[in-house]
Structure formats: C-alpha cells, structure tokens
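Novice: Structure below; questions to follow.
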Amino acid sequence: IPVPIPVPPTLTPPLASSRRYRGLTLVLTFLCYTSYHLSRKPISIVKSQLHPNCSALGPNPHNDSNSSTWCSWAPFDGDNYKELFGALDNAFLVAYAIGMFISGIFGERLPLRYYLSGGMVLSGLFTALFGLGYFWDIHVLWYFIVVQVCNGLVQTTGWPSVVACIGNWFGKGKRGLIMGIWNSHTSVGNILGSLIAGVWVSSAWGLSFIVPSIIIITMGIICFFFLVEYPEDVGCSPPLHHVRVTSSEKDPEAVTSNEGPLSVSSQSSVDCSNSPKEPTEEPEAISFLGALRIPGVVEFSLCLLFAKLVSYTFLYWLPLYIVNVGEFLGTVRRERAWQGEHLLTPPLSLAAHFGAKEAGDLSTLFDVGGILGGIFAGLISDYTGGRATTCCVMLVIAAPMLFLYNHIGQNGIGTSIAMLIVCGALVNGPYALITTAVSADLGTHESLKGNAKALSTVTAIIDGTGSIGAALGPLLAGLISPTGWNNVFYMLIAADVLACLLLARVVVKEVRGWCGCIARKRGYVRT
C-alpha cells in the first residue's frame, strides 16, 4: 500500500496566501514611507542654492553693491540666512511633533488605508506648493513657513499607520531583523530625495519639490487600492501577539520566559482560511495615559528624543555643512599655497570644490550607513533579546565617531566616505530600532492582554517624543552654527550621551535577565 506523502506546512494554500499578503504589506508600506522621506529631503539640498556663494559665480550682472548675495533667493539673501533656514526646519518639525501625538489617536479610530492615503496626497500637495514658490516668484518668508507647518501636520499620518499595519501582520519572531530591513525605507527615501532634488537644484530648484510631490501622490493612490490593513480582512488569522490570553492559559512569568528569539510562542503565526471566523468582541482603543503606563514606553521615548535630534540635524544640515567646511578648507589651502606651504602639508579637503549637487550626493552616504546600521541593530537585538542594550552600545560608540568625523572627516574623499557611512550606521541604527521593532514590541506588550488597538498610539507617543528632538536639533544647529561647526558637533555628542543614559534602567534590567537566565541554566538558581 503506497504511503501518502504529507504536504509540507509551508506549501499549504492558507500559509502560501498569508505569505503573499504579508509580502504585499511589507512592499507597500516600504514604498509608502519611502515616498514620505523622499518628499522631506529636498529642503536640505536646496538650502545651499537659496544662499550660494555668489562671489564664485563672477561679477554681479545687475551692478548691485551687495555682490556676495546677488544670486541668493530672497528672503534668504541676508546674513541671517542660517537662522531663517532653521526657522523653516523648525516650522515643519514642531508641527510634526505636535501632530504626531494626535495622529496616533486618530489612527486607532479611523480606517488606516483611508488615513494613510489621504495623508500622502495632502503631503504631496504641500510639498508641491513649496516648489511652486520658485515658479510663482514668491519671496516672503511667511509663505514658506505656512507651507512647512501644513506639511508637517499631514506627514504625521504616515509613521503610526505603516507601523500599525506591519504589527498587525507580523509577530515577534525575528521582528528586529525584518523591521531593520524594512526600516531602510527612511534612508532609501533620503537617498532618492537627495538624488532627485540634485538633478534640478542648480537649474530650477522648484522641480526638486514638485517631482517628489508627484511620486508621493501616486503612491498614496496605489496604497488606497491595494493595502490590506488586517489579516482578518482577507480571511487570515492574526499573529499570536494579537490573540487574547487569560491568566489560566498563560501566567506572566511564562510570557516573559517565552519572549526569546528562538521561542515557539514568539514566532509569527498568520494563516488564511476560507472558513468563516467566529465574531469576537472588538477591543477598545487604548488611552494616551494607558499607553504611557506600558513598561519601557517613557524610557525609549526620551531616548529617541535625543537620538532623533542627532539624526535630523544631519538630515537637514549635512549638505550645507559639507559645502561650508569645504569652502573654508579650500580657502586655507589657497592661503597655504600662496605662502609656499603646499609642499609641506597634505591636501586638506577634496570637498572644497563641491557645489550643492555634489554635497547632496555625498550626504547620501550617511543614509547608506543608516540602512546598514538599522539591519545590524535589528539582527543583534533579535538574537540577544536586548533592544535597549543594542541601542546603548551603538550610541556609546557613536559619540567618539562624531568627534572624529568633524576633525578628520574632511581630510580626503576616502576618509569622508568611510566616516559618513560609519556615523550613519551608529546614529541611525538605534533610531531605526526604537521606531520600528521596539515600538511594535511595546504596542503588543503582554500587559495589553492581546489588545491590538494600541499600536498606533504607542508608536505615535514614541515617535512624537522623538520628533520634539527632531525639531530641536535643526533649530539648535541654525542658532549654533554661526559660532562654528565645532560647537554644533559638541551639541550632537552631548545629545548622544544623554540618549544612552536615559536607557540605563532598561539596560540594567536586560543584563540582570541575562545573568538570571545563565544562572538557571547552570543550576545555580532553584526554580
């Protein structure tokens, strides 16, 4: 009698269907948030074109007495242009930070697909309005400020929505690695935004905003038609962290002991079935104060505040820093050459000849490092089970690396490339881990007893607190940079150290857990 060959579970139709839907969700949310960051990046590339070094372009064709700013775009043609750029950044980021706390509450109560798609279309509209200021020949500051404020508010629809969608489809198994790879959308968006904006920055900088706006609007329409919010919407079972448990089924100690990366209960379990689901009672969305009571939310939120301060300062000011420092070092080189010292000293910088486009292209290496750092942080935290420890170690190493980049990062193109990648990995790695895997972990914490209606709120609290730092960083950079770029980097290093210290309690808790686990395995602790 022939023995029937069992069909592997991975090939059964329900699992195959769930994999397709999970893959679709990953790709769509990746592209959606890539387009969000793609539309934010042009402002940092265009800054150096709004106030370029006009003396390098030759004499003033209008015979104006102010020959050093004849090619600048008013109102950014004055000596206070750095403060005005800081005001532009701050208008967006303060609005983003305030709106983020409200956005998560709406995200839990509105259909995510409508909320995300509408936010993307509005983001594209306001991004286009900034670029249209070039074609409409607008030179009043309030116009650009209002557009930035509106854009900051509508962009808050993105992050809580995409993280909630991912959390709805994926359990805790290998969440750090999956989300580390998925979170590269931030850096990919920054890179594409820099490259796209760089194409038109010197010829018609308005197109540097209009083209990204078309992209994000297009992605919003695609998201509206194809995004699946919940596994239940297509007849799939939710992952295990969404399944309600009672104290008789699983006690808190058992939940804690099964959270490791290799435990069975931590693996995602999404399958699809054509059989009808039994109706279940819809849980209520968690309150703001209820989300704050989840263990770890406050610590990680405050840590992200300072981590994001560093990351967003680089996001908005790195291209201008490369141009300014390159011009300064180029002047020093010419002075030394004039004095006959060029044979005794190595070339100080190859960035001296970088214009707006070249500096923007070079700044993308920071985001390349961010991709690697996010994947590395997710992988390590998955296999160690220590999200906070992974963040803390990377932050500790990042502080001296920032110091070195400021002092030797402009000594040559090779050194600059290497330092940008390393700094990007160390700065954006913890930022990526906290905003993705940590947010999803806390949003599905065992204290919620399976209530999945907390993901958007928890994500919004963590990212909203981080956005306060994102607003402070560029603002402080605009105020401090006139006193010297060294002081800006000292500020960034101080913020990095504070971010590390704020995680100290969680790190100690993780280390004690490891020590207890090792002791139990060796038989030193009675159970």
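Ordering of the structure tokens sets the chain letters (A, B, ...); residue numbers start at 1 within each chain; ligands are numbered from 1 in the order shown.
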Please provide as a VMD selection string all residues within 12 Å of Thr435 (chain A), with the sequence filter that same-chain residues fewer than 2 positions apart are discarded (counting only C-alpha atoms).

Specialist: chain A and resid 159 to 160 162 to 164 176 179 to 180 182 to 184 186 297 300 to 301 303 to 305 307 to 308 374 378 387 391 428 to 433 437 to 443 455 to 456 458 to 467

Novice: Could you please take those selected residues and save C-alpha atoms as a PDB file, in the first residue's frame?

Specialist:
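Listing of selection20.pdb after writing:
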```pdb
ATOM      1  CA  TRP A 159       4.512  56.531  10.594  1.00  0.00           C
ATOM      2  CA  PRO A 160       1.781  55.338  13.012  1.00  0.00           C
ATOM      3  CA  VAL A 162       2.647  51.878   8.476  1.00  0.00           C
ATOM      4  CA  VAL A 163       3.958  50.535  11.805  1.00  0.00           C
ATOM      5  CA  ALA A 164       0.431  49.528  12.816  1.00  0.00           C
ATOM      6  CA  GLY A 176      14.051  43.174  14.737  1.00  0.00           C
ATOM      7  CA  MET A 179      11.856  45.685  10.640  1.00  0.00           C
ATOM      8  CA  GLY A 180      15.549  46.582  10.413  1.00  0.00           C
ATOM      9  CA  TRP A 182      12.025  47.266   6.256  1.00  0.00           C
ATOM     10  CA  ASN A 183      13.069  50.468   8.057  1.00  0.00           C
ATOM     11  CA  SER A 184      15.675  51.115   5.384  1.00  0.00           C
ATOM     12  CA  THR A 186      13.863  56.001   5.700  1.00  0.00           C
ATOM     13  CA  VAL A 297       7.458  53.473  26.697  1.00  0.00           C
ATOM     14  CA  PHE A 300      12.510  54.639  24.890  1.00  0.00           C
ATOM     15  CA  SER A 301      10.541  57.794  24.031  1.00  0.00           C
ATOM     16  CA  CYS A 303      15.966  58.180  24.351  1.00  0.00           C
ATOM     17  CA  LEU A 304      14.525  58.653  20.875  1.00  0.00           C
ATOM     18  CA  LEU A 305      14.161  62.388  21.544  1.00  0.00           C
ATOM     19  CA  ALA A 307      18.720  60.122  19.095  1.00  0.00           C
ATOM     20  CA  LYS A 308      16.407  61.764  16.591  1.00  0.00           C
ATOM     21  CA  GLY A 374      19.282  49.509  11.085  1.00  0.00           C
ATOM     22  CA  GLY A 378      17.704  44.541  14.352  1.00  0.00           C
ATOM     23  CA  ARG A 387      16.792  46.027  22.353  1.00  0.00           C
ATOM     24  CA  CYS A 391      20.873  50.812  21.233  1.00  0.00           C
ATOM     25  CA  ASN A 428      20.524  55.786  12.659  1.00  0.00           C
ATOM     26  CA  GLY A 429      20.809  52.205  13.962  1.00  0.00           C
ATOM     27  CA  PRO A 430      19.286  52.918  17.420  1.00  0.00           C
ATOM     28  CA  TYR A 431      16.831  55.396  15.886  1.00  0.00           C
ATOM     29  CA  ALA A 432      15.622  52.747  13.420  1.00  0.00           C
ATOM     30  CA  LEU A 433      15.373  50.034  16.084  1.00  0.00           C
ATOM     31  CA  ALA A 437      10.806  46.826  16.462  1.00  0.00           C
ATOM     32  CA  VAL A 438      10.708  48.468  19.893  1.00  0.00           C
ATOM     33  CA  SER A 439       7.511  50.379  19.072  1.00  0.00           C
ATOM     34  CA  ALA A 440       5.857  47.221  17.762  1.00  0.00           C
ATOM     35  CA  ASP A 441       7.030  45.232  20.814  1.00  0.00           C
ATOM     36  CA  LEU A 442       5.636  47.787  23.252  1.00  0.00           C
ATOM     37  CA  GLY A 443       2.438  48.182  21.230  1.00  0.00           C
ATOM     38  CA  LEU A 455      -0.003  50.004  18.138  1.00  0.00           C
ATOM     39  CA  SER A 456      -0.723  53.382  16.565  1.00  0.00           C
ATOM     40  CA  VAL A 458       2.276  53.736  21.300  1.00  0.00           C
ATOM     41  CA  THR A 459       4.070  54.355  18.008  1.00  0.00           C
ATOM     42  CA  ALA A 460       2.803  57.937  17.934  1.00  0.00           C
ATOM     43  CA  ILE A 461       3.921  58.602  21.520  1.00  0.00           C
ATOM     44  CA  ILE A 462       7.426  57.251  20.894  1.00  0.00           C
ATOM     45  CA  ASP A 463       7.881  58.912  17.508  1.00  0.00           C
ATOM     46  CA  GLY A 464       6.120  62.095  18.646  1.00  0.00           C
ATOM     47  CA  THR A 465       8.528  62.478  21.561  1.00  0.00           C
ATOM     48  CA  GLY A 466      11.388  61.776  19.184  1.00  0.00           C
ATOM     49  CA  SER A 467      10.041  64.430  16.843  1.00  0.00           C
TER      50      SER A 467
END
```

Novice: Could you give me, as a list of chain:residue names, the residues within 10 Å of Asp137 (chain A), counting only C-alpha atoms and dropping anything in the same chain fewer than 5 positions from it?

Specialist: A:Trp73, A:Ala74, A:Leu132

Novice: Could those residues be written to a file, using N, CA and C atoms, as an mmCIF file, in the first residue's frame?

Specialist:
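again_5.cif, freshly written:
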```cif
data_model
loop_
_atom_site.group_PDB
_atom_site.id
_atom_site.type_symbol
_atom_site.label_atom_id
_atom_site.label_comp_id
_atom_site.auth_asym_id
_atom_site.auth_seq_id
_atom_site.Cartn_x
_atom_site.Cartn_y
_atom_site.Cartn_z
ATOM 1 N N TRP A 73 18.286 83.710 -3.108
ATOM 2 C CA TRP A 73 16.831 83.809 -3.223
ATOM 3 C C TRP A 73 16.289 84.513 -1.990
ATOM 4 N N ALA A 74 15.728 85.704 -2.182
ATOM 5 C CA ALA A 74 15.123 86.427 -1.063
ATOM 6 C C ALA A 74 13.942 85.613 -0.529
ATOM 7 N N LEU A 132 6.438 75.423 -5.932
ATOM 8 C CA LEU A 132 5.787 76.407 -6.799
ATOM 9 C C LEU A 132 6.172 77.839 -6.420
#
```

Novice: Counting only C-alpha atoms, what is within 9 Å of Pro482 (chain A), bar same-chain residues fewer than 3 positions away, as number ranges by chain?

Specialist: A: 82-83, 477-479, 485

Novice: Identify, on the basis of only C-alpha atoms, every residue whose closest approach to region 395-400 of chain A does not exceed 8 Å; exclude the query and any residue fewer than 3 positions from it along the same chain; express the result as number ranges by chain.

Specialist: A: 391-392, 403-404, 423, 426-427, 430, 493, 496-497, 499-500

Novice: Would you please work out which residue, of A:Asn151, A:Ser381, A:Asn324, A:Asn487, is nearest to Asn90 (chain A) when using only C-alpha atoms?

Specialist: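 Closest to Asn90 (chain A), using only C-alpha atoms: A:Asn151.
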
Novice: Which residues, written as a list of chain:residue names, have at least one atom at most 10 Å from Trp205 (chain A), with only C-alpha atoms counted and residues fewer than 5 positions away on the same chain left out?

Specialist: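 Returned residues: A:Pro42, A:Ile43, A:Ile45, A:Val46, A:Lys47, A:Gln49, A:Leu50, A:Gly131, A:Leu132, A:Gly133, A:Tyr134, A:Phe135, A:Ala197, A:Gly198, A:Val199, A:Trp200, A:Ile210.
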
Novice: So which one's closest to Ile371 (chain A), A:Gly167, A:Gly424, A:Pro212, A:Gly414? Using only C-alpha atoms, please.

Specialist: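 Looking only at the distances to Ile371 (chain A), the closest residue turns out to be A:Gly424.
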
Novice: Which one is closest to Ile434 (chain A): A:Asp367, A:Ala504, A:Gly484, A:Gly296? Count only C-alpha atoms.

Specialist: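 The closest residue to Ile434 (chain A) is A:Gly296.
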
Novice: When you count only C-alpha atoms, which of these residues is closest to Ile105 (chain A): A:Gly124, A:Ser161, A:Ser363, A:Ile215?

Specialist: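 Looking only at the distances to Ile105 (chain A), the closest residue turns out to be A:Ser161.
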
Novice: Find the residues near region 505-508 of chain A: any atom within 6 Å, counting only C-alpha atoms, skip ones fewer than 2 places away on the same chain, and give them as a VMD selection string.

Specialist: chain A and resid 388 to 389 503 510 to 511

Novice: Can you tell me how far CA of Ser103 (chain A) sits from CA of Gly152 (chain A), in Å to one decimal?

Specialist: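 We find that CA of Ser103 (chain A) and CA of Gly152 (chain A) lie 11.6 Å from each other.
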
Novice: For Arg22 (chain A), which residue among A:Asn168, A:Thr127, A:Ser202, A:Ser194 is the nearest when counting only C-alpha atoms?

Specialist: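 Among the listed residues, the smallest separation from Arg22 (chain A) belongs to A:Asn168.
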
Novice: Select, from A:Leu125, A:Leu28, A:Ile196, A:Ala95, the residue with the minimum atom-to-atom distance to Arg113 (chain A), counting only C-alpha atoms.

Specialist: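 Ranking A:Leu125, A:Leu28, A:Ile196, A:Ala95 by distance to Arg113 (chain A), first place goes to A:Leu28.
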
Novice: Please report the interatomic distance between CA of Val228 (chain A) and CA of Trp169 (chain A) in Å with one decimal.

Specialist: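 Spanning CA of Val228 (chain A) to CA of Trp169 (chain A) is a straight-line distance of 9.6 Å.
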
Novice: Report, in Å with one decimal, the straight-line distance from CA of Ile214 (chain A) to CA of Leu309 (chain A).

Specialist: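 If I compute the distance from CA of Ile214 (chain A) to CA of Leu309 (chain A), I get 28.8 Å.
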
Novice: Give me every alpha helix (DSSP H) residue in region 358-499 of chain A, going by DSSP on the backbone, as a PyMOL selection string.

Specialist: chain A and resi 358-384+387-408+413-433+439-443+455-480+485-499
